[in-house]
>>> print(open('input_16.txt').read())   # compact mmCIF, C-alpha atoms and all ligand atoms
# COMPACT_ATOMS: atom_id res chain seq x y z
CA MET A 13 17.64 13.51 0.42
CA ALA A 14 14.02 12.46 -0.06
CA VAL A 15 12.82 8.88 -0.44
CA THR A 16 11.22 8.62 -3.88
CA ARG A 17 10.07 5.96 -6.33
CA THR A 18 11.14 4.90 -9.77
CA PHE A 19 9.97 2.37 -12.33
CA SER A 20 12.14 -0.51 -13.55
CA ILE A 21 11.82 -3.22 -16.18
CA ILE A 22 13.95 -6.35 -16.27
CA LYS A 23 13.98 -6.85 -20.04
CA PRO A 24 13.48 -10.08 -22.06
CA ASP A 25 17.22 -10.67 -22.62
CA ALA A 26 17.64 -10.89 -18.82
CA THR A 27 14.56 -12.98 -18.02
CA ARG A 28 15.55 -15.37 -20.84
CA ARG A 29 18.93 -15.94 -19.14
CA ASN A 30 17.30 -16.44 -15.71
CA LEU A 31 18.81 -13.21 -14.34
CA THR A 32 15.76 -11.79 -12.55
CA GLY A 33 17.25 -12.54 -9.13
CA ALA A 34 20.76 -11.42 -10.04
CA VAL A 35 19.53 -8.08 -11.41
CA THR A 36 17.22 -7.53 -8.44
CA LYS A 37 20.12 -8.25 -6.06
CA MET A 38 22.16 -5.48 -7.69
CA LEU A 39 19.22 -3.07 -7.38
CA GLU A 40 18.81 -3.95 -3.70
CA GLU A 41 22.53 -3.66 -3.02
CA ALA A 42 22.39 -0.17 -4.57
CA GLY A 43 19.93 0.88 -1.85
CA LEU A 44 16.67 0.36 -3.73
CA ARG A 45 13.72 -1.56 -2.29
CA VAL A 46 11.28 -3.51 -4.48
CA VAL A 47 7.83 -2.26 -3.37
CA ALA A 48 5.94 -3.81 -6.33
CA SER A 49 6.89 -6.51 -8.83
CA LYS A 50 5.20 -8.64 -11.46
CA ARG A 51 6.27 -10.80 -14.38
CA ILE A 52 4.25 -10.06 -17.50
CA GLN A 53 4.24 -10.66 -21.24
CA MET A 54 3.96 -7.17 -22.75
CA SER A 55 1.54 -6.82 -25.64
CA LYS A 56 2.56 -4.95 -28.80
CA GLU A 57 0.12 -2.17 -27.83
CA GLN A 58 1.62 -1.87 -24.34
CA ALA A 59 5.19 -1.73 -25.68
CA GLU A 60 4.23 0.86 -28.32
CA GLY A 61 2.45 2.96 -25.68
CA PHE A 62 5.26 2.66 -23.18
CA TYR A 63 7.95 3.68 -25.71
CA ALA A 64 5.77 6.23 -27.55
CA VAL A 65 8.46 8.95 -27.01
CA HIS A 66 10.74 6.91 -29.28
CA LYS A 67 8.22 6.30 -32.08
CA GLU A 68 10.10 8.46 -34.60
CA ARG A 69 13.44 6.78 -33.85
CA PRO A 70 14.72 4.31 -36.49
CA PHE A 71 14.93 1.49 -33.92
CA PHE A 72 11.34 1.81 -32.67
CA GLY A 73 9.94 -1.23 -34.50
CA GLU A 74 12.82 -3.45 -33.38
CA LEU A 75 12.57 -2.16 -29.83
CA VAL A 76 8.87 -3.06 -29.65
CA GLU A 77 9.64 -6.48 -31.13
CA PHE A 78 12.39 -7.03 -28.57
CA MET A 79 10.32 -5.89 -25.57
CA THR A 80 7.54 -8.33 -26.58
CA SER A 81 9.93 -11.22 -27.38
CA GLY A 82 9.60 -12.75 -23.92
CA PRO A 83 8.51 -12.04 -20.36
CA VAL A 84 9.59 -8.90 -18.54
CA VAL A 85 9.52 -8.09 -14.82
CA VAL A 86 8.06 -4.66 -14.07
CA GLN A 87 8.96 -3.22 -10.68
CA VAL A 88 8.48 -0.15 -8.54
CA LEU A 89 11.66 0.71 -6.64
CA GLU A 90 11.87 2.97 -3.61
CA GLY A 91 14.92 4.64 -2.13
CA GLU A 92 16.69 7.91 -1.53
CA ASP A 93 16.73 9.77 -4.85
CA ALA A 94 15.46 6.61 -6.54
CA VAL A 95 15.54 7.78 -10.19
CA ALA A 96 19.21 8.84 -10.12
CA ARG A 97 20.23 5.95 -7.86
CA ASN A 98 18.69 3.44 -10.29
CA ARG A 99 20.18 5.11 -13.40
CA LYS A 100 23.61 4.95 -11.73
CA VAL A 101 23.45 1.21 -11.00
CA MET A 102 21.94 0.53 -14.47
CA GLY A 103 24.88 2.12 -16.32
CA ALA A 104 24.96 3.68 -19.79
CA THR A 105 22.40 2.66 -22.46
CA ASN A 106 25.16 1.09 -24.56
CA PRO A 107 26.91 -1.56 -22.40
CA ALA A 108 30.18 -0.75 -24.22
CA ASP A 109 30.05 2.67 -22.49
CA ALA A 110 28.79 1.44 -19.10
CA ASP A 111 30.94 1.65 -15.97
CA GLU A 112 32.30 -1.46 -14.25
CA GLY A 113 29.95 -2.80 -11.60
CA THR A 114 26.79 -1.59 -13.32
CA ILE A 115 23.95 -3.91 -14.34
CA ARG A 116 24.39 -3.20 -18.06
CA LYS A 117 28.18 -3.66 -17.95
CA THR A 118 27.67 -6.96 -16.11
CA PHE A 119 24.74 -8.40 -18.05
CA ALA A 120 23.67 -6.46 -21.17
CA GLU A 121 24.08 -8.13 -24.57
CA SER A 122 23.82 -5.01 -26.77
CA ILE A 123 22.56 -1.41 -26.91
CA GLU A 124 19.07 -2.81 -27.49
CA ALA A 125 19.14 -5.96 -25.35
CA ASN A 126 20.45 -3.99 -22.38
CA SER A 127 18.76 -5.94 -19.57
CA VAL A 128 17.00 -3.11 -17.72
CA HIS A 129 14.89 -0.01 -18.12
CA GLY A 130 14.74 2.79 -15.57
CA SER A 131 12.72 6.00 -15.52
CA ASP A 132 14.68 9.13 -16.40
CA SER A 133 12.81 11.69 -14.21
CA ASP A 134 10.43 11.79 -11.24
CA GLU A 135 7.70 12.93 -13.61
CA ASN A 136 8.20 10.00 -15.99
CA ALA A 137 8.53 7.59 -13.05
CA LYS A 138 5.01 8.48 -11.96
CA ILE A 139 3.62 8.11 -15.50
CA GLU A 140 5.37 4.74 -15.98
CA ILE A 141 4.34 3.39 -12.56
CA ASP A 142 0.72 4.32 -13.31
CA PHE A 143 1.01 2.63 -16.73
CA PHE A 144 1.64 -0.80 -15.15
CA PHE A 145 0.45 -0.73 -11.51
CA LYS A 146 -2.70 -0.02 -9.55
CA PRO A 147 -2.05 1.87 -6.29
CA GLU A 148 -3.03 -1.17 -4.19
CA GLU A 149 -0.35 -3.30 -5.93
CA ILE A 150 2.40 -1.11 -4.44
CA VAL A 151 3.24 -1.92 -0.85
CA GLY A 152 6.07 0.15 0.59
P1 LIG A 201 15.59 2.80 -21.00
O1 LIG A 201 14.62 3.88 -21.43
O2 LIG A 201 15.27 1.45 -21.55
O3 LIG A 201 15.87 2.81 -19.52
P2 LIG A 201 17.74 4.51 -21.73
O4 LIG A 201 16.97 5.60 -21.09
O5 LIG A 201 19.15 4.27 -21.26
O6 LIG A 201 17.01 3.14 -21.63
P3 LIG A 201 16.72 5.44 -24.26
O7 LIG A 201 17.44 6.41 -25.09
O8 LIG A 201 15.52 5.86 -23.49
O9 LIG A 201 17.79 4.73 -23.29
O10 LIG A 201 16.33 4.22 -25.23
C1 LIG A 201 15.32 3.30 -24.85
C2 LIG A 201 15.75 1.91 -25.24
O11 LIG A 201 15.79 1.82 -26.65
C3 LIG A 201 17.15 1.51 -24.79
O12 LIG A 201 17.22 1.02 -23.48
C4 LIG A 201 17.49 0.43 -25.78
O13 LIG A 201 16.86 -0.81 -25.41
C5 LIG A 201 16.84 0.95 -27.05
N1 LIG A 201 17.79 1.72 -27.86
C6 LIG A 201 18.29 2.95 -27.59
N2 LIG A 201 19.13 3.37 -28.54
C7 LIG A 201 19.18 2.35 -29.46
C8 LIG A 201 19.86 2.16 -30.69
N3 LIG A 201 20.67 3.09 -31.19
N4 LIG A 201 19.65 0.98 -31.34
C9 LIG A 201 18.81 0.04 -30.86
N5 LIG A 201 18.14 0.16 -29.70
C10 LIG A 201 18.31 1.29 -29.01
MG MG A 202 14.89 5.96 -21.51
>>> encode(input="input_16.txt", output="structure tokens", more="lines below")
Ligand code: ATP
Ligand code: MG
Amino acid sequence: MAVTRTFSIIKPDATRRNLTGAVTKMLEEAGLRVVASKRIQMSKEQAEGFYAVHKERPFFGELVEFMTSGPVVVQVLEGEDAVARNRKVMGATNPADADEGTIRKTFAESIEANSVHGSDSDENAKIEIDFFFKPEEIVG
């Protein structure tokens, strides 16, 4: 299987609880390598742009508010079949449905404050990586 990249966010509920290292450890143990990482405060405009696909959903306003409520850690992850590998270790969107041993089952507070984001396709991974990183910030 090919080595590919995906985009990850450690969300404000996790940074607030000092879980950046614990979440990253689970990503690494799942076979993903952090090839870029930075802690940022997302602006409202960035969060709205990033989640534009959800702008018609009833939770959009709350989601933007949550994603700007504290620092996040944006990361580029590399590994074999990185998108699927990351989605597997993240677990289901709603932590109540997430499998044991996943990041969301272990750490998420709610369907919204669910600790991590991960790209859902190779195509979106590229768009999301480009949204937050310059090529020279990614060192594989
Ligand atoms: P992400 O895109 O963050 O990796 P996901 O792909 O599992 O998560 P999406 O359906 O893309 O889930 O939803 C994006 C985010 O919006 C979720 O991670 C969650 O924070 C929030 N969200 C999704 N559904 C709900 C909901 N019903 N109520 C509140 N927030 C929600
Ligand atoms: Mg999604």
>>> residues_around(input="input_16.txt", residues="Thr118 (chain A)", least_positions_apart="2", cutoff="12 Å", atoms="all atoms listed in the file", output="list in words")
Ala26, Leu31, Ala34, Val35, Met38, Val101, Met102, Gly103, Ala104, Asn106, Pro107, Ala108, Asp109, Ala110, Asp111, Glu112, Gly113, Thr114, Ile115, Arg116, Ala120, Glu121, Ser122, Asn126, Ser127 and Val128 of chain A
>>> closest_atom_pairs(input="input_16.txt", of="chain A", to="ligand LIG 201 (chain A)", cutoff="7 Å", atoms="all atoms listed in the file", output="JSON lines")
{"residue": "A:Phe71", "atom": "CA", "partner": "A:LIG201", "partner_atom": "C9", "distance": 5.1}
{"residue": "A:Leu75", "atom": "CA", "partner": "A:LIG201", "partner_atom": "C5", "distance": 6.0}
{"residue": "A:Ala104", "atom": "CA", "partner": "A:LIG201", "partner_atom": "O5", "distance": 6.0}
{"residue": "A:Thr105", "atom": "CA", "partner": "A:LIG201", "partner_atom": "O5", "distance": 3.8}
{"residue": "A:Ile123", "atom": "CA", "partner": "A:LIG201", "partner_atom": "C10", "distance": 5.5}
{"residue": "A:Glu124", "atom": "CA", "partner": "A:LIG201", "partner_atom": "O13", "distance": 3.6}
{"residue": "A:Ala125", "atom": "CA", "partner": "A:LIG201", "partner_atom": "O13", "distance": 5.6}
{"residue": "A:Asn126", "atom": "CA", "partner": "A:LIG201", "partner_atom": "O13", "distance": 5.7}
{"residue": "A:Val128", "atom": "CA", "partner": "A:LIG201", "partner_atom": "O2", "distance": 6.2}
{"residue": "A:His129", "atom": "CA", "partner": "A:LIG201", "partner_atom": "O3", "distance": 3.3}
{"residue": "A:Gly130", "atom": "CA", "partner": "A:LIG201", "partner_atom": "O3", "distance": 4.1}
{"residue": "A:Ser131", "atom": "CA", "partner": "A:LIG201", "partner_atom": "O3", "distance": 6.0}
{"residue": "A:Asp132", "atom": "CA", "partner": "A:LIG201", "partner_atom": "O4", "distance": 6.3}
>>> residues_around(input="input_16.txt", residues="Phe19 (chain A)", least_positions_apart="4", cutoff="12 Å", atoms="all atoms listed in the file", output="MDAnalysis selection string")
chainID A and resid 39 44:49 62 85:91 94:99 128:145 150
>>> closest_residue(input="input_16.txt", among="A:Val65, A:Val151, A:Met13, A:Val84", to="Lys50 (chain A)", atoms="all atoms listed in the file")
A:Val84
>>> atom_distance(input="input_16.txt", atom1="CA of Gln58 (chain A)", atom2="CA of Arg28 (chain A)")
19.7 Å
>>> residues_around(input="input_16.txt", residues="Pro83 (chain A)", least_positions_apart="4", cutoff="9 Å", atoms="only C-alpha atoms", output="VMD selection string")
chain A and resid 22 to 24 27 to 28 51 to 54 79
>>> atom_distance(input="input_16.txt", atom1="CA of Thr36 (chain A)", atom2="CA of Phe119 (chain A)")
12.2 Å
>>> atom_distance(input="input_16.txt", atom1="CA of Gly43 (chain A)", atom2="CA of Gly82 (chain A)")
27.9 Å
>>> closest_residue(input="input_16.txt", among="A:Ser55, A:Asn30, A:Thr80, A:Ser20", to="ligand MG 202 (chain A)", atoms="all atoms listed in the file")
A:Ser20
>>> closest_residue(input="input_16.txt", among="A:His66, A:Lys100, A:Lys117, A:Arg17", to="ligand MG 202 (chain A)", atoms="only C-alpha atoms and all ligand atoms")
A:His66
>>> closest_residue(input="input_16.txt", among="A:Ile21, A:Glu68, A:Glu57, A:Ser81", to="ligand MG 202 (chain A)", atoms="all atoms listed in the file")
A:Ile21
>>> closest_residue(input="input_16.txt", among="A:Arg69, A:Val15, A:Phe78, A:Tyr63", to="ligand MG 202 (chain A)", atoms="only C-alpha atoms and all ligand atoms")
A:Tyr63
>>> build_atoms(input="input_16.txt", residues="region 19-32 of chain A", atoms="N, CA and C atoms", output="tab-separated table (two decimals), in the coordinates of the input")
chain	number	residue	atom	x	y	z
A	19	PHE	N	10.53	3.53	-11.65
A	19	PHE	CA	9.97	2.37	-12.33
A	19	PHE	C	11.09	1.64	-13.06
A	20	SER	N	11.10	0.31	-12.94
A	20	SER	CA	12.14	-0.51	-13.55
A	20	SER	C	11.52	-1.64	-14.36
A	21	ILE	N	12.19	-2.00	-15.45
A	21	ILE	CA	11.82	-3.22	-16.18
A	21	ILE	C	13.06	-4.09	-16.31
A	22	ILE	N	12.92	-5.37	-15.93
A	22	ILE	CA	13.95	-6.35	-16.27
A	22	ILE	C	13.54	-6.91	-17.62
A	23	LYS	N	14.37	-6.64	-18.64
A	23	LYS	CA	13.98	-6.85	-20.04
A	23	LYS	C	14.10	-8.32	-20.46
A	24	PRO	N	13.53	-8.66	-21.63
A	24	PRO	CA	13.48	-10.08	-22.06
A	24	PRO	C	14.85	-10.76	-22.17
A	25	ASP	N	15.91	-10.01	-22.52
A	25	ASP	CA	17.22	-10.67	-22.62
A	25	ASP	C	17.66	-11.19	-21.25
A	26	ALA	N	17.26	-10.48	-20.18
A	26	ALA	CA	17.64	-10.89	-18.82
A	26	ALA	C	16.74	-12.00	-18.29
A	27	THR	N	15.44	-11.90	-18.52
A	27	THR	CA	14.56	-12.98	-18.02
A	27	THR	C	14.89	-14.29	-18.74
A	28	ARG	N	15.22	-14.19	-20.03
A	28	ARG	CA	15.55	-15.37	-20.84
A	28	ARG	C	16.77	-16.11	-20.25
A	29	ARG	N	17.71	-15.34	-19.71
A	29	ARG	CA	18.93	-15.94	-19.14
A	29	ARG	C	18.80	-16.19	-17.64
A	30	ASN	N	17.57	-16.13	-17.12
A	30	ASN	CA	17.30	-16.44	-15.71
A	30	ASN	C	18.05	-15.50	-14.76
A	31	LEU	N	18.05	-14.19	-15.12
A	31	LEU	CA	18.81	-13.21	-14.34
A	31	LEU	C	17.94	-12.30	-13.49
A	32	THR	N	16.65	-12.66	-13.33
A	32	THR	CA	15.76	-11.79	-12.55
A	32	THR	C	16.30	-11.57	-11.14
